[in-house]
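Structure first, commentary second.
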2 protein chains.
Amino acid sequence: MHMKVLIIGAGGMIGRKLSERLVREGRVAGRSIDEMTLVDVTEPTGMKPTRVEPTGRGGPTVKLVTRALDFTAKGAAVRLIDDRPDIIFHLAAIVSGEAESDFEKGYRINVDGTRDLFEAIRKAQAADGYRPRVIFASSIAVFGAPFPSVIPDSFHSTPLTSYGTQKAIGELLLTDYTRRGFMDGIGIRLPTIVIRPGRPNKAASGFFSNILREPINGQEAVLPVSEDVRHWFASPRAAVEFFVHAAGLDPDAVGPHRNLNMPGLSTTVGEEIEALGRVMGADVPKLIRREPDEAIRRIVQNWATGFEPSRARTLGFRAETSFDEIIRVYLEDELGTGA
Amino acid sequence: MHMKVLIIGAGGMIGRKLSERLVREGRVAGRSIDEMTLVDVTEPTGMKPTRVEPTGRGGPTVKLVTRALDFTAKGAAVRLIDDRPDIIFHLAAIVSGEAESDFEKGYRINVDGTRDLFEAIRKAQAADGYRPRVIFASSIAVFGAPFPSVIPDSFHSTPLTSYGTQKAIGELLLTDYTRRGFMDGIGIRLPTIVIRPGRPNKAASGFFSNILREPINGQEAVLPVSEDVRHWFASPRAAVEFFVHAAGLDPDAVGPHRNLNMPGLSTTVGEEIEALGRVMGADVPKLIRREPDEAIRRIVQNWATGFEPSRARTLGFRAETSFDEIIRVYLEDELGTGA
């Protein structure tokens with residue numbers, strides 16, 4: 001059987017890493033990938049549309065197609081599933097800050113775009129019985145304060161941002177479309193991802209990565225909050241593994257509740273910095289400059305400090321168990337070195 | 001200040017009772033009502049468009065307007081708020097059974113209709129600063145099994161029906177539109193309402209009312225489940241009181257989480273029947289015929305058995321505290337008698 005994979009939002013940080021991993025391995029959900037389509041609003045770069053020989057596989061090649069497409073444009077969702085991909089990774093989204101500053105755009109992309117995709121799938125099923133696995137990138141932003149110190153799987157979804165609201169709506173649609181048998185969906189509630197590669201950005205959560213990445217690269221970084229701030233983390237590599245693992249899950253084992261809190265690591269900023277010293281040497285954390293920012297402090301105090309993701313762990317999802325490990329993943333995957 | 005009230009879905013059971021109560025009292029949220037518009041897909045009957053003298057008020061009359069309008073028709077939501085009602089009760093919905101049998105209609109009315117209304121309000125605010133209180137009829141159908149025996153306010157919303165999904169999406173939108181300052185919304189998660197007046201219906205929950213109402217009226221009724229089935233109830237009168245109370249709440253006291261589990265009574269079918277005997281006489285329950293229905297049993301086993309609605313109670317919401325009281329409400333409000 002010809003196996004096709006579609007990644008929507010393939011140009012983002014996780015999308016790129018997921019694409020690279022699937023091309024490298026040439027397999028997902030226990031099957032060889034014959035064709036992989038990478039879609040984003042601008043054409044995903046870094047991988048040329050070609051036939052690729054997966055590392056050490058020696059079997060048939062993966063046909064790689066890249067497409068620039070606004071998946072919310074009229075008719076785009078229908079075109080995306082024209083060739084009936086078996087597995088769809090849906091990572092396309094307007095991020096938190098932009099969803100807050102541009103209300104209409106956030107709803108258009110994050111809600112209407114997602115619903116258009118699910119509707120296209122529902123209609124394809126009515127036409128020919130199509131029923132793909134759909135893996136949806138959600139976020140712990142579906143939760144809002146006040147929080148218990150450890151959030152159970154049964155905790156209510158009460159987002160305090162438009163982004164979190166839009167993701168929570170996507171989750172509800174995913175569950176209902178799955179329950180009705182139109183698709184086989186799984187929602188992945190990602191922790192905050194560190195260490196993000198690239199340059200410092202203005203996202204409120206950016207400093208969690210900045211205070212590690214910049215010193216590792218010999219640059220100064222600014223810490224805008226106190227060291228006792230606690231939050232919930234996983235590495236980009238763990239995030240990619242969540243999506244790959246979700247692709248192969250037995251739907252009966254997942255059951256009717258299709259959105260899963262992912263495992264992660266509950267860590268304070270102080271513990272982050274200690275790990276940095278341990279892995280990189282005691283001088284490296286000296287590049288962190290304390291510069292308290294009341295606005296960021298106020299945003300961050302509404303963020304979750306930790307989860308007990310029992311369902312995801314039972315289903316076999318895994319993340320890092322120490323911050324040292326998260327730093328080593330950065331060194332290996334971004335700088336090509338161990339430590 | 002000219003005070004206007006709009007009730008969307010005024011033709012339904014709760015809508016009619018709410019309309020009658022507001023007209024009778026001529027006041028809501030501590031203010032006199034000058035104008036009240038009752039809208040449903042067919043023109044709400046029972047109250048003539050006229051000026052009404054509220055009982056014992058002696059002040060200015062309420063101008064009553066009734067309109068037949070499909071609130072999901074193009075432009076309908078904008079027309080509904082043309083005269084800028086101060087308080088909007090949004091009770092329009094496709095009910096559970098129909099939302100399950102007609103997937104597209106359920107989403108069109110329950111999701112798109114609600115969003116159209118909220119969007120019209122948002123745009124009106126951009127134009128002239130309009131910001132109404134919006135009270136949204138939600139339901140305990142936003143929750144899905146497995147349940148703890150008593151559901152806390154922090155329990156996750158994992159609906160197992162399309163109706164519950166659509167109500168949960170409405171709740172998320174209501175919270176986000178409120179947080180953004182476009183409106184001042186409150187979502188009311190109604191318990192199962194007993195005793196419903198009228199004739200027995202085919203709704204899976206119908207028997208909870210049927211086994212009381214029919215014997216009270218000298219008719220036989222069918223009980224399709226065992227007597228140990230436990231569920232969460234309030235009377236139609238309590239439901240109306242929830243909406244009226246919500247209209248007058250201080251938004252700061254409600255806080256950012258705008259959807260509230262309403263108080264109710266956790267009762268078994270056996271306790272229902274005992275109450276019937278106490279209030280109506282020992283012979284009346286003999287009109288209940290046991291006729292187990294496996295399909296209904298399977299649906300009902302996924303329903304919530306009880307809540308601890310701490311937030312709503314703190315905010316002053318009240319419901320019946322005994323099933324005898326629920327039966328007496330029926331006798332008084334539907335038959336005009338005490339017992």
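So you can find residues: chains in the structure tokens are A, B, ... in the order shown, residues in each start at 1, and ligands are numbered from 1 in order.
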
Query raised in the report: What residues in chain B have any atom no more than 7 Å from chain A when counting only C-alpha atoms, and can you write them as a ChimeraX atom specification?
Result: /B:154-158,162,165,169,172,176,257

Quick one: residues within 8 Å of range 107-123 of chain A, only C-alpha atoms, excluding same-chain residues fewer than 6 positions away - as a CSV table (one decimal) with N, CA and C atoms, in the first residue's frame?
chain,number,residue,atom,x,y,z
A,71,PHE,N,-3.2,27.5,3.9
A,71,PHE,CA,-4.2,26.4,4.0
A,71,PHE,C,-5.6,26.9,4.4
A,72,THR,N,-5.7,28.2,4.6
A,72,THR,CA,-7.0,28.8,4.9
A,72,THR,C,-7.7,29.4,3.7
A,77,ALA,N,-8.0,23.5,1.6
A,77,ALA,CA,-8.0,22.3,2.5
A,77,ALA,C,-8.4,21.1,1.6
A,78,VAL,N,-9.3,21.3,0.7
A,78,VAL,CA,-9.7,20.2,-0.2
A,78,VAL,C,-8.6,19.8,-1.1
A,81,ILE,N,-5.8,17.5,0.6
A,81,ILE,CA,-6.1,16.1,0.8
A,81,ILE,C,-6.5,15.4,-0.5
A,92,ALA,N,0.1,23.9,11.5
A,92,ALA,CA,0.0,25.3,11.1
A,92,ALA,C,-0.8,26.1,12.1
A,93,ALA,N,-0.2,27.2,12.5
A,93,ALA,CA,-0.9,28.1,13.5
A,93,ALA,C,-0.3,29.5,13.5
A,94,ILE,N,-1.1,30.5,13.9
A,94,ILE,CA,-0.6,31.8,14.2
A,94,ILE,C,-0.2,31.6,15.7
A,99,ALA,N,-1.8,36.0,17.7
A,99,ALA,CA,-3.2,35.7,17.9
A,99,ALA,C,-3.8,36.7,18.8
A,130,TYR,N,-12.5,7.8,3.0
A,130,TYR,CA,-11.2,8.3,3.5
A,130,TYR,C,-11.2,8.5,5.0
A,131,ARG,N,-10.2,8.1,5.7
A,131,ARG,CA,-10.2,8.3,7.2
A,131,ARG,C,-8.8,8.3,7.7
A,132,PRO,N,-8.1,9.5,7.5
A,132,PRO,CA,-6.7,9.6,7.9
A,132,PRO,C,-6.5,9.7,9.4
A,163,TYR,N,-5.0,32.6,21.6
A,163,TYR,CA,-4.3,31.4,21.1
A,163,TYR,C,-4.8,30.1,21.8
A,166,GLN,N,-8.3,29.2,20.8
A,166,GLN,CA,-8.3,28.7,19.4
A,166,GLN,C,-7.8,27.2,19.4
A,167,LYS,N,-6.8,26.9,20.2
A,167,LYS,CA,-6.3,25.5,20.3
A,167,LYS,C,-7.3,24.6,20.9
A,169,ILE,N,-10.5,25.0,20.9
A,169,ILE,CA,-11.6,24.7,20.0
A,169,ILE,C,-11.2,23.7,19.0
A,170,GLY,N,-9.9,23.8,18.5
A,170,GLY,CA,-9.4,22.8,17.6
A,170,GLY,C,-9.4,21.4,18.2
A,173,LEU,N,-13.1,20.0,18.2
A,173,LEU,CA,-13.4,19.6,16.9
A,173,LEU,C,-12.8,18.3,16.6
A,174,LEU,N,-11.5,18.2,16.9
A,174,LEU,CA,-10.8,16.9,16.6
A,174,LEU,C,-11.4,15.7,17.3
A,177,TYR,N,-14.9,15.0,15.6
A,177,TYR,CA,-14.8,14.4,14.2
A,177,TYR,C,-14.2,13.0,14.3
A,182,PHE,N,-15.1,10.3,11.3
A,182,PHE,CA,-14.6,11.0,10.1
A,182,PHE,C,-13.1,11.0,9.9
A,183,MET,N,-12.4,10.9,11.1
A,183,MET,CA,-11.0,10.8,11.0
A,183,MET,C,-10.5,10.1,12.3

Query - Contacts of Leu91 in chain B at 6 Å (only C-alpha atoms; same-chain gap of 6+ positions) as a list in words - result: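 Contacts, with the query itself left out: Ile8, Gly9 and Ala137 of chain B.
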
Restricting it to N, CA and C atoms, dump the selection as a PDB file, in the first residue's frame.
ATOM      1  N   ILE B   8     -33.054  35.327  22.824  1.00  0.00           N
ATOM      2  CA  ILE B   8     -32.963  34.539  21.587  1.00  0.00           C
ATOM      3  C   ILE B   8     -33.243  33.084  21.958  1.00  0.00           C
ATOM      4  N   GLY B   9     -34.203  32.484  21.287  1.00  0.00           N
ATOM      5  CA  GLY B   9     -34.656  31.154  21.682  1.00  0.00           C
ATOM      6  C   GLY B   9     -35.758  31.263  22.714  1.00  0.00           C
ATOM      7  N   ALA B 137     -26.907  29.851  27.422  1.00  0.00           N
ATOM      8  CA  ALA B 137     -27.383  28.567  27.954  1.00  0.00           C
ATOM      9  C   ALA B 137     -26.450  27.458  27.520  1.00  0.00           C
TER      10      ALA B 137
END

**Report entry** Selection: 10 Å around His2 in chain B, only C-alpha atoms, excl. self and same-chain fewer than 2 positions, as a PyMOL selection string
**Finding:** chain B and resi 4+31-35+85-86

Those same residues, written as a compact mmCIF listing (two decimals), in the first residue's frame with C-alpha atoms?
# COMPACT_ATOMS: atom_id res chain seq x y z
CA LYS B 4 -33.67 46.67 26.73
CA ARG B 31 -33.31 47.86 36.76
CA SER B 32 -36.76 48.37 35.22
CA ILE B 33 -37.18 46.81 31.79
CA ASP B 34 -38.42 49.27 29.19
CA GLU B 35 -38.38 46.98 26.18
CA PRO B 85 -30.03 45.44 23.97
CA ASP B 86 -28.37 45.82 27.38

Requested in this report: From a DSSP calculation on the backbone, collect every residue of range 93-332 of chain A in strand (DSSP E or B) and output the set as a PyMOL selection string.
Outcome: chain A and resi 133-139+151-152+155+184-190+192-193+221-223+230-234+259-261+265-268+288-290+307-308

Put those residues in a file: N, CA and C atoms, as a CSV table (one decimal), in the first residue's frame.
chain,number,residue,atom,x,y,z
A,133,ARG,N,-5.3,9.3,9.8
A,133,ARG,CA,-4.8,9.8,11.2
A,133,ARG,C,-4.4,11.2,11.1
A,134,VAL,N,-4.9,12.0,12.0
A,134,VAL,CA,-4.6,13.5,12.0
A,134,VAL,C,-4.0,13.8,13.4
A,135,ILE,N,-2.7,14.3,13.3
A,135,ILE,CA,-2.1,14.7,14.6
A,135,ILE,C,-2.0,16.2,14.7
A,136,PHE,N,-2.6,16.7,15.7
A,136,PHE,CA,-2.8,18.1,15.8
A,136,PHE,C,-1.9,18.7,16.9
A,137,ALA,N,-1.1,19.8,16.5
A,137,ALA,CA,-0.3,20.4,17.5
A,137,ALA,C,-1.1,21.4,18.4
A,138,SER,N,-1.4,20.9,19.6
A,138,SER,CA,-2.0,21.8,20.6
A,138,SER,C,-0.9,22.3,21.6
A,139,SER,N,-1.4,22.8,22.7
A,139,SER,CA,-0.4,23.5,23.6
A,139,SER,C,-1.0,23.5,25.0
A,151,ILE,N,-0.7,19.7,37.6
A,151,ILE,CA,-2.0,19.6,36.9
A,151,ILE,C,-2.3,18.2,36.5
A,152,PRO,N,-3.5,17.7,36.9
A,152,PRO,CA,-3.8,16.3,36.5
A,152,PRO,C,-4.4,16.3,35.1
A,155,PHE,N,-7.8,18.1,34.5
A,155,PHE,CA,-7.9,19.6,34.8
A,155,PHE,C,-8.6,20.3,33.7
A,184,ASP,N,-9.2,10.0,12.4
A,184,ASP,CA,-8.6,9.4,13.6
A,184,ASP,C,-7.6,10.4,14.2
A,185,GLY,N,-8.1,11.2,15.1
A,185,GLY,CA,-7.3,12.4,15.5
A,185,GLY,C,-6.7,12.2,16.8
A,186,ILE,N,-5.5,12.8,17.0
A,186,ILE,CA,-4.8,12.9,18.3
A,186,ILE,C,-4.3,14.3,18.5
A,187,GLY,N,-4.6,14.9,19.6
A,187,GLY,CA,-4.1,16.2,19.9
A,187,GLY,C,-2.9,16.1,20.9
A,188,ILE,N,-1.9,16.9,20.6
A,188,ILE,CA,-0.6,16.8,21.4
A,188,ILE,C,-0.5,18.2,22.1
A,189,ARG,N,-0.7,18.2,23.4
A,189,ARG,CA,-0.5,19.5,24.1
A,189,ARG,C,1.0,19.6,24.5
A,190,LEU,N,1.7,20.4,23.7
A,190,LEU,CA,3.1,20.6,23.8
A,190,LEU,C,3.4,21.4,25.1
A,192,THR,N,6.3,24.0,26.9
A,192,THR,CA,7.2,25.0,26.3
A,192,THR,C,8.5,24.3,25.8
A,193,ILE,N,8.8,24.6,24.6
A,193,ILE,CA,10.0,24.0,24.0
A,193,ILE,C,11.2,24.8,24.2
A,221,ALA,N,22.9,37.2,27.8
A,221,ALA,CA,21.4,37.0,27.7
A,221,ALA,C,20.8,37.7,28.9
A,222,VAL,N,19.5,38.1,28.7
A,222,VAL,CA,18.8,38.9,29.8
A,222,VAL,C,17.7,37.9,30.4
A,223,LEU,N,17.8,37.9,31.8
A,223,LEU,CA,16.8,37.2,32.5
A,223,LEU,C,15.8,38.1,33.1
A,230,ARG,N,8.9,28.7,38.0
A,230,ARG,CA,8.8,27.3,37.6
A,230,ARG,C,7.9,27.1,36.4
A,231,HIS,N,8.3,26.3,35.5
A,231,HIS,CA,7.5,26.0,34.3
A,231,HIS,C,7.7,24.6,33.7
A,232,TRP,N,7.1,24.3,32.6
A,232,TRP,CA,7.0,22.9,32.1
A,232,TRP,C,7.7,22.8,30.7
A,233,PHE,N,8.7,22.0,30.6
A,233,PHE,CA,9.6,22.0,29.4
A,233,PHE,C,9.8,20.7,28.7
A,234,ALA,N,10.0,20.7,27.4
A,234,ALA,CA,10.6,19.6,26.7
A,234,ALA,C,11.5,20.1,25.6
A,259,ASN,N,-7.1,14.3,23.3
A,259,ASN,CA,-6.1,15.3,23.5
A,259,ASN,C,-5.3,15.0,24.7
A,260,LEU,N,-4.0,15.0,24.6
A,260,LEU,CA,-3.1,14.4,25.6
A,260,LEU,C,-2.1,15.5,26.1
A,261,ASN,N,-2.1,15.6,27.4
A,261,ASN,CA,-1.0,16.4,28.0
A,261,ASN,C,0.3,15.6,27.9
A,265,LEU,N,9.3,18.3,31.8
A,265,LEU,CA,10.1,18.5,33.0
A,265,LEU,C,9.7,19.8,33.7
A,266,SER,N,9.3,19.7,35.0
A,266,SER,CA,9.0,20.9,35.7
A,266,SER,C,10.3,21.4,36.4
A,267,THR,N,10.7,22.6,36.0
A,267,THR,CA,12.0,23.1,36.4
A,267,THR,C,11.9,24.6,36.7
A,268,THR,N,12.7,25.1,37.7
A,268,THR,CA,12.8,26.5,37.9
A,268,THR,C,13.9,27.1,37.0
A,288,ILE,N,24.6,35.6,32.0
A,288,ILE,CA,23.2,36.0,32.2
A,288,ILE,C,23.1,37.2,33.0
A,289,ARG,N,22.4,38.2,32.5
A,289,ARG,CA,22.3,39.5,33.2
A,289,ARG,C,20.8,39.6,33.7
A,290,ARG,N,20.7,39.8,35.0
A,290,ARG,CA,19.3,40.0,35.6
A,290,ARG,C,18.8,41.4,35.3
A,307,PHE,N,2.8,19.3,35.4
A,307,PHE,CA,1.7,18.3,35.0
A,307,PHE,C,2.0,16.9,35.5
A,308,GLU,N,1.0,16.2,35.7
A,308,GLU,CA,1.1,14.7,35.9
A,308,GLU,C,0.4,14.1,34.7

Report task. Quick one: everything within 12 Å of Val65 in chain A, counting only C-alpha atoms, minus sequence neighbours fewer than 3 positions away in the same chain. Send it as a ChimeraX atom specification. Result -> /A:4-7,10,19,23,34-40,43-45,47-52,62,68,80

Take the residues just selected and output them with N, CA and C atoms as a PDB file, in the first residue's frame.
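To be explicit, this is the file written out as again_25.pdb:
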ATOM      1  N   LYS A   4       1.396   7.759   2.268  1.00  0.00           N
ATOM      2  CA  LYS A   4       1.628   9.196   2.077  1.00  0.00           C
ATOM      3  C   LYS A   4       1.497   9.949   3.388  1.00  0.00           C
ATOM      4  N   VAL A   5       2.414  10.891   3.569  1.00  0.00           N
ATOM      5  CA  VAL A   5       2.411  11.721   4.771  1.00  0.00           C
ATOM      6  C   VAL A   5       2.295  13.183   4.348  1.00  0.00           C
ATOM      7  N   LEU A   6       1.453  13.939   5.039  1.00  0.00           N
ATOM      8  CA  LEU A   6       1.308  15.377   4.792  1.00  0.00           C
ATOM      9  C   LEU A   6       1.664  16.129   6.071  1.00  0.00           C
ATOM     10  N   ILE A   7       2.545  17.124   5.945  1.00  0.00           N
ATOM     11  CA  ILE A   7       2.856  17.982   7.092  1.00  0.00           C
ATOM     12  C   ILE A   7       2.428  19.403   6.746  1.00  0.00           C
ATOM     13  N   ALA A  10       4.974  22.903   7.808  1.00  0.00           N
ATOM     14  CA  ALA A  10       6.276  22.218   7.783  1.00  0.00           C
ATOM     15  C   ALA A  10       7.442  23.192   7.865  1.00  0.00           C
ATOM     16  N   SER A  19       9.965  16.995   9.633  1.00  0.00           N
ATOM     17  CA  SER A  19      10.177  16.628   8.226  1.00  0.00           C
ATOM     18  C   SER A  19      11.525  15.941   8.056  1.00  0.00           C
ATOM     19  N   VAL A  23      12.090  12.057   6.806  1.00  0.00           N
ATOM     20  CA  VAL A  23      12.835  11.788   5.576  1.00  0.00           C
ATOM     21  C   VAL A  23      14.055  10.922   5.883  1.00  0.00           C
ATOM     22  N   ASP A  34       6.209   6.394   1.298  1.00  0.00           N
ATOM     23  CA  ASP A  34       6.456   6.482  -0.140  1.00  0.00           C
ATOM     24  C   ASP A  34       6.508   7.925  -0.610  1.00  0.00           C
ATOM     25  N   GLU A  35       5.662   8.758   0.012  1.00  0.00           N
ATOM     26  CA  GLU A  35       5.545  10.128  -0.468  1.00  0.00           C
ATOM     27  C   GLU A  35       5.299  11.047   0.717  1.00  0.00           C
ATOM     28  N   MET A  36       5.987  12.191   0.717  1.00  0.00           N
ATOM     29  CA  MET A  36       5.809  13.126   1.813  1.00  0.00           C
ATOM     30  C   MET A  36       5.632  14.524   1.239  1.00  0.00           C
ATOM     31  N   THR A  37       4.538  15.210   1.632  1.00  0.00           N
ATOM     32  CA  THR A  37       4.263  16.560   1.147  1.00  0.00           C
ATOM     33  C   THR A  37       4.431  17.537   2.308  1.00  0.00           C
ATOM     34  N   LEU A  38       5.287  18.539   2.084  1.00  0.00           N
ATOM     35  CA  LEU A  38       5.566  19.547   3.108  1.00  0.00           C
ATOM     36  C   LEU A  38       4.928  20.851   2.670  1.00  0.00           C
ATOM     37  N   VAL A  39       4.012  21.371   3.484  1.00  0.00           N
ATOM     38  CA  VAL A  39       3.266  22.573   3.115  1.00  0.00           C
ATOM     39  C   VAL A  39       3.470  23.641   4.168  1.00  0.00           C
ATOM     40  N   ASP A  40       3.652  24.869   3.704  1.00  0.00           N
ATOM     41  CA  ASP A  40       3.597  26.012   4.612  1.00  0.00           C
ATOM     42  C   ASP A  40       3.218  27.223   3.789  1.00  0.00           C
ATOM     43  N   GLU A  43       7.060  28.426   0.895  1.00  0.00           N
ATOM     44  CA  GLU A  43       7.546  27.076   0.599  1.00  0.00           C
ATOM     45  C   GLU A  43       8.618  26.655   1.596  1.00  0.00           C
ATOM     46  N   PRO A  44       8.433  25.490   2.249  1.00  0.00           N
ATOM     47  CA  PRO A  44       9.422  25.027   3.223  1.00  0.00           C
ATOM     48  C   PRO A  44      10.781  24.852   2.543  1.00  0.00           C
ATOM     49  N   THR A  45      11.786  25.447   3.133  1.00  0.00           N
ATOM     50  CA  THR A  45      13.119  25.359   2.543  1.00  0.00           C
ATOM     51  C   THR A  45      13.947  24.327   3.291  1.00  0.00           C
ATOM     52  N   MET A  47      14.803  21.413   2.415  1.00  0.00           N
ATOM     53  CA  MET A  47      14.724  20.103   1.778  1.00  0.00           C
ATOM     54  C   MET A  47      14.208  20.288   0.368  1.00  0.00           C
ATOM     55  N   LYS A  48      14.959  19.799  -0.596  1.00  0.00           N
ATOM     56  CA  LYS A  48      14.566  19.967  -1.993  1.00  0.00           C
ATOM     57  C   LYS A  48      13.525  18.928  -2.375  1.00  0.00           C
ATOM     58  N   PRO A  49      12.539  19.341  -3.191  1.00  0.00           N
ATOM     59  CA  PRO A  49      11.601  18.357  -3.714  1.00  0.00           C
ATOM     60  C   PRO A  49      12.359  17.377  -4.606  1.00  0.00           C
ATOM     61  N   THR A  50      12.424  16.147  -4.210  1.00  0.00           N
ATOM     62  CA  THR A  50      13.268  15.171  -4.889  1.00  0.00           C
ATOM     63  C   THR A  50      12.912  13.800  -4.365  1.00  0.00           C
ATOM     64  N   ARG A  51      13.608  12.798  -4.852  1.00  0.00           N
ATOM     65  CA  ARG A  51      13.513  11.479  -4.230  1.00  0.00           C
ATOM     66  C   ARG A  51      14.677  11.345  -3.270  1.00  0.00           C
ATOM     67  N   VAL A  52      14.393  10.945  -2.058  1.00  0.00           N
ATOM     68  CA  VAL A  52      15.422  10.905  -1.024  1.00  0.00           C
ATOM     69  C   VAL A  52      15.634   9.466  -0.587  1.00  0.00           C
ATOM     70  N   VAL A  62      11.913   8.005  -0.745  1.00  0.00           N
ATOM     71  CA  VAL A  62      10.753   8.819  -0.405  1.00  0.00           C
ATOM     72  C   VAL A  62      10.621   9.915  -1.453  1.00  0.00           C
ATOM     73  N   ALA A  68       3.999  25.780  -1.369  1.00  0.00           N
ATOM     74  CA  ALA A  68       3.619  27.015  -0.684  1.00  0.00           C
ATOM     75  C   ALA A  68       2.111  27.155  -0.814  1.00  0.00           C
ATOM     76  N   LEU A  80      -5.402  20.075  -0.394  1.00  0.00           N
ATOM     77  CA  LEU A  80      -4.366  19.452   0.432  1.00  0.00           C
ATOM     78  C   LEU A  80      -4.564  17.950   0.567  1.00  0.00           C
TER      79      LEU A  80
END

Query raised in the report: What lies within 12 Å of Leu249 in chain B using only C-alpha atoms, ignoring chain neighbours under 3 positions off, as a list in words?
Result: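 Contacts, in chain order: Val28, Ala29, Gly30, Ile87, Arg133, Val134, Ile135, Asp184, Gly185, Ile186, Phe242, Phe243, Val244, His245, Ala246, Asp252, Ala253, Val254, Gly255, Arg258, Ala312, Thr314, Leu315, Gly316 and Phe317 of chain B.
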
Query - Counting only C-alpha atoms, the option among A:Ala282, A:Val300, A:Ala239, A:Leu331 closest to Arg318 in chain A - result: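 The answer is A:Ala239, which sits nearest to Arg318 in chain A.
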
Report task. Based on DSSP run over this structure's backbone, return all residues of range 135-296 of chain B in alpha helix (DSSP H), as a ChimeraX atom specification. Result -> /B:162-179,206-216,236-247,251-254,269-280,294-296

Requested in this report: Counting only C-alpha atoms, figure out which residue out of A:Ala238, A:Ala304, A:Ile296, A:Leu212 gets nearest to Glu272 in chain A.
Outcome: A:Leu212

Query raised in the report: Using only C-alpha atoms, which of A:Ala295, A:Val225, A:Val150, A:Met262 sits nearest Pro191 in chain A?
Result: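 Looking only at the distances to Pro191 in chain A, the closest residue turns out to be A:Met262.
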
Requested in this report: Would you please work out which residue, of B:Gly75, B:Gly26, B:Gly206, B:Pro197, is nearest to Gly97 in chain B when using only C-alpha atoms?
Outcome: B:Gly206

Requested in this report: Grab the CA of Ser226 in chain B to CA of Glu291 in chain B distance for me, in Å with one decimal place.
Outcome: 9.3 Å

Requested in this report: Find the distance between CA of Tyr330 in chain B and CA of Arg313 in chain B and write it in Å to one decimal.
Outcome: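 The value is 23.4 Å.
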